[in-house]
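Q: Data file my_file39.tsv (TSV, C-alpha atoms) is appended below.
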chain	number	residue	atom	x	y	z
P	747	MET	CA	18.32	-18.40	-11.42
P	748	SER	CA	18.66	-19.71	-14.95
P	749	SER	CA	15.02	-19.65	-16.07
P	750	THR	CA	12.86	-16.56	-16.23
P	751	PRO	CA	10.00	-16.96	-13.79
P	752	GLN	CA	6.98	-15.12	-15.07
P	753	VAL	CA	3.33	-14.87	-14.15
P	754	ARG	CA	0.48	-12.96	-15.77
P	755	LEU	CA	-3.08	-12.76	-14.61
P	756	GLN	CA	-6.21	-10.84	-15.36
P	757	LEU	CA	-8.32	-9.61	-12.49
P	758	PRO	CA	-11.46	-7.49	-12.28
P	759	SER	CA	-11.39	-3.94	-11.00
P	760	ASN	CA	-13.05	-5.03	-7.78
P	761	PRO	CA	-11.41	-4.17	-4.43
P	762	LEU	CA	-12.36	-7.61	-3.12
P	763	PHE	CA	-9.59	-9.10	-5.29
P	764	LEU	CA	-6.85	-6.86	-3.91
P	765	SER	CA	-5.91	-9.18	-1.07
P	766	GLY	CA	-5.46	-12.10	-3.45
P	767	ALA	CA	-3.28	-9.99	-5.75
P	768	ARG	CA	-1.15	-8.89	-2.80
P	769	GLU	CA	-0.71	-12.45	-1.65
P	770	MET	CA	0.34	-13.58	-5.11
P	771	VAL	CA	2.87	-10.77	-5.47
P	772	TYR	CA	4.27	-11.49	-2.03
P	773	GLN	CA	4.65	-15.21	-2.69
P	774	PHE	CA	6.14	-14.75	-6.17
P	775	ALA	CA	8.68	-12.24	-4.88
P	776	SER	CA	9.51	-14.52	-1.99
P	777	ARG	CA	10.24	-17.38	-4.36
P	778	CYS	CA	12.50	-15.06	-6.36
P	779	GLY	CA	14.58	-14.53	-3.26
P	780	PHE	CA	13.41	-11.12	-2.06
P	781	SER	CA	13.52	-10.39	1.66
P	782	ASP	CA	10.30	-10.47	3.65
P	783	GLU	CA	10.39	-6.69	3.94
P	784	SER	CA	10.84	-6.25	0.19
P	785	CYS	CA	8.03	-8.72	-0.51
P	786	GLY	CA	5.75	-6.63	1.70
P	787	GLN	CA	6.79	-3.45	-0.10
P	788	LEU	CA	6.19	-5.01	-3.52
P	789	ALA	CA	2.72	-6.15	-2.44
P	790	LEU	CA	2.00	-2.65	-1.16
P	791	ALA	CA	3.16	-0.98	-4.39
P	792	VAL	CA	1.00	-3.30	-6.50
P	793	ASP	CA	-1.98	-2.73	-4.21
P	794	GLU	CA	-1.59	1.04	-4.56
P	795	ALA	CA	-1.25	0.80	-8.34
P	796	LEU	CA	-4.34	-1.39	-8.62
P	797	CYS	CA	-6.28	0.99	-6.37
P	798	ASN	CA	-5.34	3.89	-8.63
P	799	VAL	CA	-6.65	2.02	-11.67
P	800	ILE	CA	-9.87	1.09	-9.87
P	801	ARG	CA	-10.55	4.56	-8.45
P	802	HIS	CA	-9.20	6.93	-11.05
P	803	GLY	CA	-8.99	4.86	-14.21
P	804	TYR	CA	-12.27	3.03	-14.00
P	805	GLY	CA	-14.15	5.35	-11.61
P	806	LYS	CA	-14.76	2.42	-9.22
P	807	ALA	CA	-16.55	0.29	-11.83
P	808	PRO	CA	-15.94	-3.23	-10.44
P	809	ASP	CA	-16.05	-5.29	-13.63
P	810	LYS	CA	-13.30	-3.86	-15.82
P	811	PRO	CA	-10.13	-5.78	-16.67
P	812	ILE	CA	-6.69	-5.23	-15.18
P	813	TRP	CA	-3.65	-7.26	-16.20
P	814	LEU	CA	-0.83	-7.88	-13.76
P	815	SER	CA	2.45	-9.36	-15.00
P	816	MET	CA	5.55	-10.17	-13.00
P	817	THR	CA	8.91	-11.22	-14.40
P	818	PHE	CA	12.08	-11.94	-12.52
P	819	VAL	CA	14.90	-10.66	-14.67
P	820	GLY	CA	18.58	-11.28	-14.12
P	821	GLY	CA	21.49	-9.24	-15.31
P	822	VAL	CA	19.55	-6.02	-15.64
P	823	ALA	CA	21.79	-3.04	-16.16
P	824	THR	CA	20.32	0.01	-14.51
P	825	PRO	CA	21.62	3.55	-14.85
P	826	GLU	CA	23.15	3.14	-11.41
P	827	THR	CA	24.99	-0.07	-12.21
P	828	GLN	CA	26.41	1.21	-15.51
P	829	ASP	CA	26.32	-2.14	-17.35
P	830	ASN	CA	29.29	-3.54	-15.44
P	831	ASN	CA	27.42	-4.62	-12.34
P	832	PRO	CA	24.18	-6.19	-13.48
P	833	THR	CA	21.36	-6.55	-11.02
P	834	GLU	CA	18.59	-9.05	-10.59
P	835	ALA	CA	15.19	-7.45	-10.33
P	836	LEU	CA	11.47	-8.02	-10.38
P	837	ARG	CA	9.64	-6.24	-13.17
P	838	ILE	CA	5.93	-5.68	-12.60
P	839	VAL	CA	3.63	-4.42	-15.33
P	840	ILE	CA	0.04	-3.33	-14.73
P	841	GLU	CA	-2.15	-2.62	-17.75
P	842	ASP	CA	-5.74	-1.49	-18.05
P	843	GLU	CA	-8.32	-0.35	-20.56
P	844	ALA	CA	-9.13	2.86	-18.75
P	845	LYS	CA	-9.05	6.31	-20.24
P	846	GLN	CA	-5.58	7.52	-21.14
P	847	VAL	CA	-4.02	10.35	-19.21
P	848	ASP	CA	-0.87	12.34	-19.75
P	849	PRO	CA	1.78	10.41	-17.75
P	850	THR	CA	3.44	13.67	-16.70
P	851	THR	CA	0.31	14.55	-14.72
P	852	ILE	CA	0.73	11.50	-12.48
P	853	LYS	CA	2.66	12.91	-9.57
P	854	SER	CA	3.19	12.37	-5.90
P	855	ARG	CA	1.70	15.10	-3.78
P	856	ASP	CA	3.55	17.28	-1.29
P	857	LEU	CA	3.68	15.36	1.98
P	858	ASP	CA	3.96	18.56	4.01
P	859	GLU	CA	0.30	19.07	3.32
P	860	ILE	CA	-1.58	16.77	5.68
P	861	ARG	CA	-4.71	15.71	3.88
P	862	PRO	CA	-6.40	12.47	2.94
P	863	GLY	CA	-5.77	11.01	-0.51
P	864	GLY	CA	-2.99	11.26	-3.04
P	865	LEU	CA	-0.57	9.07	-1.15
P	866	GLY	CA	-0.60	6.11	-3.53
P	867	VAL	CA	1.83	7.52	-6.09
P	868	HIS	CA	4.19	8.60	-3.33
P	869	ILE	CA	4.19	5.11	-1.85
P	870	ILE	CA	4.82	3.48	-5.24
P	871	THR	CA	7.75	5.72	-6.10
P	872	GLU	CA	9.13	5.43	-2.59
P	873	VAL	CA	9.33	1.64	-2.46
P	874	MET	CA	10.19	0.85	-6.12
P	875	ASP	CA	13.51	1.54	-7.82
P	876	GLU	CA	12.04	2.48	-11.20
P	877	VAL	CA	8.48	3.54	-12.07
P	878	ARG	CA	7.12	4.52	-15.46
P	879	TRP	CA	3.57	5.31	-16.55
P	880	GLU	CA	2.78	5.40	-20.26
P	881	LYS	CA	-0.15	5.27	-22.62
P	882	ARG	CA	-0.62	1.86	-24.18
P	883	THR	CA	0.16	1.96	-27.86
P	884	ASP	CA	-1.67	-1.26	-28.80
P	885	GLY	CA	-5.07	0.44	-28.78
P	886	PRO	CA	-6.88	3.73	-28.30
P	887	ILE	CA	-7.35	3.27	-24.57
P	888	GLY	CA	-5.48	2.01	-21.58
P	889	MET	CA	-2.45	2.84	-19.48
P	890	ARG	CA	0.63	0.79	-18.61
P	891	LEU	CA	2.63	1.05	-15.42
P	892	THR	CA	6.04	-0.62	-15.35
P	893	MET	CA	7.81	-0.93	-12.01
P	894	MET	CA	11.18	-2.44	-11.16
P	895	LYS	CA	12.67	-3.44	-7.85
P	896	LYS	CA	16.19	-4.72	-7.50
P	897	ARG	CA	16.91	-7.83	-5.49
P	898	VAL	CA	19.75	-7.62	-3.07
P	899	PRO	CA	21.59	-10.93	-2.66
P	900	ALA	CA	21.54	-12.51	0.78
P	901	GLY	CA	24.15	-10.97	3.02
P	902	LYS	CA	24.24	-7.74	1.03
P	903	ALA	CA	20.91	-6.35	2.13
P	904	GLY	CA	21.06	-2.65	2.75
P	905	GLU	CA	23.52	-1.96	-0.04
P	906	GLY	CA	20.88	-1.15	-2.58
P	907	GLU	CA	17.46	-2.22	-1.44
P	908	LYS	CA	15.08	0.56	-0.54
P	909	CYS	CA	13.82	0.61	3.02
P	910	ALA	CA	10.23	0.81	4.19
P	911	ASP	CA	10.88	4.18	5.78
P	912	GLY	CA	12.03	5.57	2.48
P	913	ALA	CA	15.73	5.57	3.22
P	914	ALA	CA	17.95	3.82	0.71
P	915	GLU	CA	21.50	2.89	0.02
P	916	GLY	CA	23.60	1.74	2.86
P	917	SER	CA	21.19	1.41	5.75
P	918	SER	CA	20.48	-1.83	7.54
P	919	CYS	CA	16.97	-2.45	6.24
P	920	GLY	CA	15.81	-5.32	4.08
P	921	THR	CA	17.87	-7.99	5.76
P	922	GLU	CA	17.25	-11.25	3.98
P	923	GLY	CA	15.39	-13.62	6.20
P	924	SER	CA	13.81	-11.01	8.46
P	925	LYS	CA	10.43	-12.14	9.69
P	926	GLY	CA	7.09	-10.66	10.56
P	927	GLN	CA	6.28	-8.81	7.36
P	928	GLY	CA	4.12	-11.43	5.70
P	929	ALA	CA	1.33	-10.44	3.38
P	930	ALA	CA	-2.14	-10.95	4.69
S	1417	MET	CA	-22.42	-6.35	23.94
S	1418	ALA	CA	-20.04	-5.18	21.20
S	1419	GLU	CA	-21.41	-5.13	17.69
S	1420	GLY	CA	-19.33	-6.27	14.72
S	1421	THR	CA	-19.64	-5.33	11.06
S	1422	THR	CA	-17.73	-6.70	8.09
S	1423	MET	CA	-16.96	-5.09	4.75
S	1424	GLY	CA	-14.50	-6.62	2.32
S	1425	SER	CA	-11.48	-7.83	4.22
S	1426	LEU	CA	-12.17	-5.78	7.37
S	1427	THR	CA	-14.30	-6.50	10.43
S	1428	LEU	CA	-14.96	-3.71	12.92
S	1429	THR	CA	-16.24	-4.15	16.44
S	1430	THR	CA	-17.44	-1.12	18.39
S	1431	ARG	CA	-17.74	-0.78	22.16
S	1432	THR	CA	-17.89	2.06	24.63
S	1433	GLU	CA	-15.76	2.39	27.71
S	1434	GLY	CA	-16.39	5.46	29.83
S	1435	ASN	CA	-16.34	8.43	27.49
S	1436	ALA	CA	-14.36	6.59	24.82
S	1437	VAL	CA	-15.51	4.68	21.76
S	1438	ILE	CA	-13.21	1.77	20.98
S	1439	LEU	CA	-13.12	0.51	17.40
S	1440	THR	CA	-11.41	-2.85	17.15
S	1441	ALA	CA	-10.33	-3.59	13.60
S	1442	SER	CA	-9.61	-7.09	12.39
S	1443	GLY	CA	-8.29	-7.88	8.92
S	1444	ASP	CA	-6.82	-5.74	6.15
S	1445	VAL	CA	-7.66	-2.05	5.92
S	1446	ASP	CA	-7.56	-1.74	2.14
S	1447	LEU	CA	-9.86	-0.29	-0.49
S	1448	SER	CA	-12.40	-3.04	0.19
S	1449	GLY	CA	-12.64	-2.31	3.91
S	1450	SER	CA	-11.66	1.31	4.46
S	1451	PRO	CA	-15.18	2.61	3.62
S	1452	LEU	CA	-16.43	0.72	6.69
S	1453	LEU	CA	-13.79	2.32	8.89
S	1454	ARG	CA	-14.65	5.74	7.48
S	1455	GLN	CA	-18.34	5.18	8.15
S	1456	GLU	CA	-17.74	4.17	11.78
S	1457	LEU	CA	-15.29	6.99	12.45
S	1458	LYS	CA	-17.78	9.53	11.09
S	1459	LYS	CA	-20.50	8.09	13.30
S	1460	HIS	CA	-18.47	8.90	16.40
S	1461	ALA	CA	-16.93	12.19	15.28
S	1462	GLY	CA	-16.32	14.63	18.10
S	1463	LYS	CA	-15.83	11.88	20.70
S	1464	LYS	CA	-12.72	10.26	22.07
S	1465	ILE	CA	-12.10	7.46	19.57
S	1466	VAL	CA	-9.61	4.67	20.13
S	1467	VAL	CA	-8.80	2.53	17.08
S	1468	ASP	CA	-7.27	-0.81	18.05
S	1469	LEU	CA	-5.13	-2.00	15.13
S	1470	SER	CA	-3.52	-4.99	16.86
S	1471	ALA	CA	-5.33	-7.46	14.56
S	1472	VAL	CA	-4.62	-5.51	11.35
S	1473	PRO	CA	-1.78	-7.11	9.38
S	1474	TYR	CA	-2.04	-4.73	6.42
S	1475	MET	CA	-3.10	-1.19	5.61
S	1476	ASP	CA	-2.87	0.73	2.34
S	1477	SER	CA	-3.18	4.42	1.50
S	1478	SER	CA	-6.99	4.25	1.51
S	1479	GLY	CA	-6.80	3.31	5.19
S	1480	LEU	CA	-4.28	6.05	5.84
S	1481	ALA	CA	-6.46	8.61	4.08
S	1482	THR	CA	-9.45	7.53	6.17
S	1483	LEU	CA	-7.49	8.03	9.38
S	1484	VAL	CA	-6.13	11.41	8.25
S	1485	GLU	CA	-9.65	12.57	7.51
S	1486	ALA	CA	-10.87	11.34	10.91
S	1487	MET	CA	-8.01	13.09	12.68
S	1488	GLN	CA	-8.82	16.37	10.97
S	1489	THR	CA	-12.52	16.03	11.79
S	1490	SER	CA	-11.61	15.20	15.36
S	1491	ARG	CA	-9.40	18.28	15.73
S	1492	LYS	CA	-12.10	20.56	14.39
S	1493	GLY	CA	-14.85	19.00	16.48
S	1494	GLY	CA	-13.05	18.81	19.80
S	1495	GLY	CA	-12.65	15.05	19.78
S	1496	GLN	CA	-9.60	12.85	20.17
S	1497	LEU	CA	-8.27	10.05	18.00
S	1498	PHE	CA	-5.85	7.41	19.27
S	1499	LEU	CA	-4.31	4.60	17.23
S	1500	CYS	CA	-3.20	1.56	19.19
S	1501	ALA	CA	-0.95	-1.44	18.80
S	1502	LEU	CA	0.35	-0.99	15.26
S	1503	GLY	CA	2.22	-3.96	13.85
S	1504	ASP	CA	5.52	-3.44	12.04
S	1505	ARG	CA	4.02	-3.59	8.58
S	1506	VAL	CA	1.23	-1.15	9.35
S	1507	ARG	CA	3.65	1.17	11.09
S	1508	SER	CA	5.90	1.13	8.03
S	1509	ILE	CA	3.22	2.67	5.81
S	1510	PHE	CA	2.79	5.52	8.29
S	1511	SER	CA	6.54	5.95	8.07
S	1512	ILE	CA	6.64	5.91	4.25
S	1513	ALA	CA	3.89	8.56	4.20
S	1514	LYS	CA	5.70	10.53	6.92
S	1515	LEU	CA	2.58	10.51	9.07
S	1516	GLU	CA	3.91	8.83	12.21
S	1517	SER	CA	4.25	12.08	14.12
S	1518	VAL	CA	0.86	13.38	13.02
S	1519	PHE	CA	-1.16	10.79	14.94
S	1520	LYS	CA	-1.39	9.89	18.60
S	1521	ILE	CA	0.01	6.37	18.37
S	1522	VAL	CA	0.09	4.40	21.62
S	1523	PRO	CA	1.03	0.80	22.46
S	1524	SER	CA	-2.32	-0.37	23.81
S	1525	VAL	CA	-5.98	0.45	24.30
S	1526	GLU	CA	-5.28	0.86	28.01
S	1527	ALA	CA	-2.68	3.51	27.26
S	1528	ALA	CA	-5.16	5.36	25.04
S	1529	LEU	CA	-7.87	5.25	27.70
S	1530	ALA	CA	-5.42	6.65	30.22
S	1531	GLY	CA	-4.33	9.39	27.80
Represent the structure of the file as structure tokens.
A:
Amino acid sequence: MSSTPQVRLQLPSNPLFLSGAREMVYQFASRCGFSDESCGQLALAVDEALCNVIRHGYGKAPDKPIWLSMTFVGGVATPETQDNNPTEALRIVIEDEAKQVDPTTIKSRDLDEIRPGGLGVHIITEVMDEVRWEKRTDGPIGMRLTMMKKRVPAGKAGEGEKCADGAAEGSSCGTEGSKGQGAA
Amino acid sequence: MAEGTTMGSLTLTTRTEGNAVILTASGDVDLSGSPLLRQELKKHAGKKIVVDLSAVPYMDSSGLATLVEAMQTSRKGGGQLFLCALGDRVRSIFSIAKLESVFKIVPSVEAALAG
């Protein structure tokens, strides 16, 4: 893909807009060549990230701004690919104007403990290849979450794409063209 | 006659069959709709509850958390909670959260009623 497809939108911190955001992420990822399963995972990760902003960042206030940006980047060298095997990936950035928190305190909880809540961060880190929370530096408030997911070329699915069940590298998940995982 | 309620992207219909309460969910169980599911599950705590998820294409962690809470309440109160007819995408979030084995997941409402 020679151009750099990019989309950026502002949405309110209202749960009613989550389904529209999921649909947009799914469709954008689909047009960038991600498998149906990966598109579903990307939509899920964004949903969880937006929920975290709404619930914890804004304390469920429904009228605060959230910015969602998606960029399809080619030739990205990740630590795993060591510069000599660049990877195409979708970069998703979510920014808010909520109170700033220490990024090191944002952690996935222990799954051995069966209790409601706290699963969002686990899901995000499980389905994305890279995840980074940071304080925004362009103002006194706000957090930024940057997430990356690599695209596996058709016919090579399973060589690098993370699976829905959390397994990665070398399994048979994420086959390009698999059906039945469409976003609602 | 079954009664239906809608909140956000979720519609819930409740009916009783024998000693079981059957909650039929339709739509996405996300942050906009999971409070409705939580409310209905609490209403029937301590009973045999069957949640039909066959018309749910999507669920996020707020839905999962709601079901975990209901399962724990059910265990304490002597009730039962069955989840039925999970689609692939909904099942995958249970798998990611490693919760598949925690719930009684059955293929159909009939199987839950027989269980």
Q: Give me the residues of chain S that have any atom at most 8 Å from an atom of chain P; for each, the nearest atom pair and the distance in Å, rounded to one decimal. Use all atoms listed in the file, sort by chain and number, and format it as JSON lines.
A:
{"residue": "S:Gly1424", "atom": "CA", "partner": "P:Leu762", "partner_atom": "CA", "distance": 5.9}
{"residue": "S:Ser1425", "atom": "CA", "partner": "P:Leu762", "partner_atom": "CA", "distance": 7.4}
{"residue": "S:Asp1444", "atom": "CA", "partner": "P:Ala930", "partner_atom": "CA", "distance": 7.2}
{"residue": "S:Asp1446", "atom": "CA", "partner": "P:Leu764", "partner_atom": "CA", "distance": 8.0}
{"residue": "S:Leu1447", "atom": "CA", "partner": "P:Pro761", "partner_atom": "CA", "distance": 5.7}
{"residue": "S:Ser1448", "atom": "CA", "partner": "P:Pro761", "partner_atom": "CA", "distance": 4.9}
{"residue": "S:Pro1473", "atom": "CA", "partner": "P:Ala930", "partner_atom": "CA", "distance": 6.1}
{"residue": "S:Tyr1474", "atom": "CA", "partner": "P:Ala930", "partner_atom": "CA", "distance": 6.5}
{"residue": "S:Asp1476", "atom": "CA", "partner": "P:Leu790", "partner_atom": "CA", "distance": 6.9}
{"residue": "S:Ser1477", "atom": "CA", "partner": "P:Gly866", "partner_atom": "CA", "distance": 5.9}
{"residue": "S:Ser1478", "atom": "CA", "partner": "P:Gly863", "partner_atom": "CA", "distance": 7.2}
{"residue": "S:Leu1480", "atom": "CA", "partner": "P:Pro862", "partner_atom": "CA", "distance": 7.4}
{"residue": "S:Ala1481", "atom": "CA", "partner": "P:Pro862", "partner_atom": "CA", "distance": 4.0}
{"residue": "S:Thr1482", "atom": "CA", "partner": "P:Pro862", "partner_atom": "CA", "distance": 6.6}
{"residue": "S:Leu1483", "atom": "CA", "partner": "P:Pro862", "partner_atom": "CA", "distance": 7.9}
{"residue": "S:Val1484", "atom": "CA", "partner": "P:Pro862", "partner_atom": "CA", "distance": 5.4}
{"residue": "S:Glu1485", "atom": "CA", "partner": "P:Pro862", "partner_atom": "CA", "distance": 5.6}
{"residue": "S:Asp1504", "atom": "CA", "partner": "P:Gln927", "partner_atom": "CA", "distance": 7.2}
{"residue": "S:Arg1505", "atom": "CA", "partner": "P:Gln927", "partner_atom": "CA", "distance": 5.8}
{"residue": "S:Ser1508", "atom": "CA", "partner": "P:Ala910", "partner_atom": "CA", "distance": 5.8}
{"residue": "S:Ile1509", "atom": "CA", "partner": "P:Ala910", "partner_atom": "CA", "distance": 7.4}
{"residue": "S:Ser1511", "atom": "CA", "partner": "P:Asp911", "partner_atom": "CA", "distance": 5.2}
{"residue": "S:Ile1512", "atom": "CA", "partner": "P:Asp911", "partner_atom": "CA", "distance": 4.8}
{"residue": "S:Ala1513", "atom": "CA", "partner": "P:Ile869", "partner_atom": "CA", "distance": 7.0}
{"residue": "S:Lys1514", "atom": "CA", "partner": "P:Leu857", "partner_atom": "CA", "distance": 7.2}
Q: Need to verify the contact set: Tyr804 (chain P), 8 Å, all atoms listed in the file, exclusion of same-chain residues closer than 4 positions in sequence. Can you return it as a list in words?
A: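 Within the cut-off, the hits are Ser759, Val799, Ile800, Lys810, Ala844 and Lys845 of chain P.
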Q: One decimal, in Å: what's the spacing between CA of Ser1450 (chain S) and CA of Met1423 (chain S)?
A: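 Spanning CA of Ser1450 (chain S) to CA of Met1423 (chain S) is a straight-line distance of 8.3 Å.
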Q: Between P:Ala789, P:Leu757, P:Ile812, P:Leu891, which residue has the minimum interatomic distance to Ala775 (chain P), considering only C-alpha atoms?
A: P:Ala789
Q: May I have the residues within 6 Å of Ala1441 (chain S) as JSON, numbers by chain, using all atoms listed in the file and disregarding those fewer than 2 positions away in the same chain?
A: {"S": [1427, 1428, 1469]}
Q: Could the residues in this selection be written to a file with C-alpha atoms, as a tab-separated table (two decimals), in the frame of the given file?
A:
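selection_39.tsv was written with the following content:
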chain	number	residue	atom	x	y	z
S	1427	THR	CA	-14.30	-6.50	10.43
S	1428	LEU	CA	-14.96	-3.71	12.92
S	1469	LEU	CA	-5.13	-2.00	15.13
Q: Measuring atom to atom with only C-alpha atoms, identify which of P:Gln773, P:Gln756, P:Thr892, P:Ser854 is nearest to Ile838 (chain P).
A: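 Of the candidates, the smallest distance to Ile838 (chain P) is held by P:Thr892.
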Q: Excluding region 1519-1528 of chain S and residues on its chain fewer than 4 positions from it, collect all residues at most 9 Å away from it, counting all atoms listed in the file, and give them as a list in words.
A: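 My reading of the contact set: Ile1438, Val1466, Val1467, Asp1468, Ser1470, Leu1483, Val1484, Met1487, Gln1496, Leu1497, Phe1498, Leu1499, Cys1500, Ala1501, Leu1502 and Leu1515 of chain S.
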Q: When you draw a straight line from CA of Leu836 (chain P) to CA of Met1475 (chain S), how long is it in Å?
A: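 Separating CA of Leu836 (chain P) from CA of Met1475 (chain S) is a distance of 22.7 Å.
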Q: CA of Leu755 (chain P) and CA of Leu1426 (chain S) are how many Å apart?
A: 24.8 Å
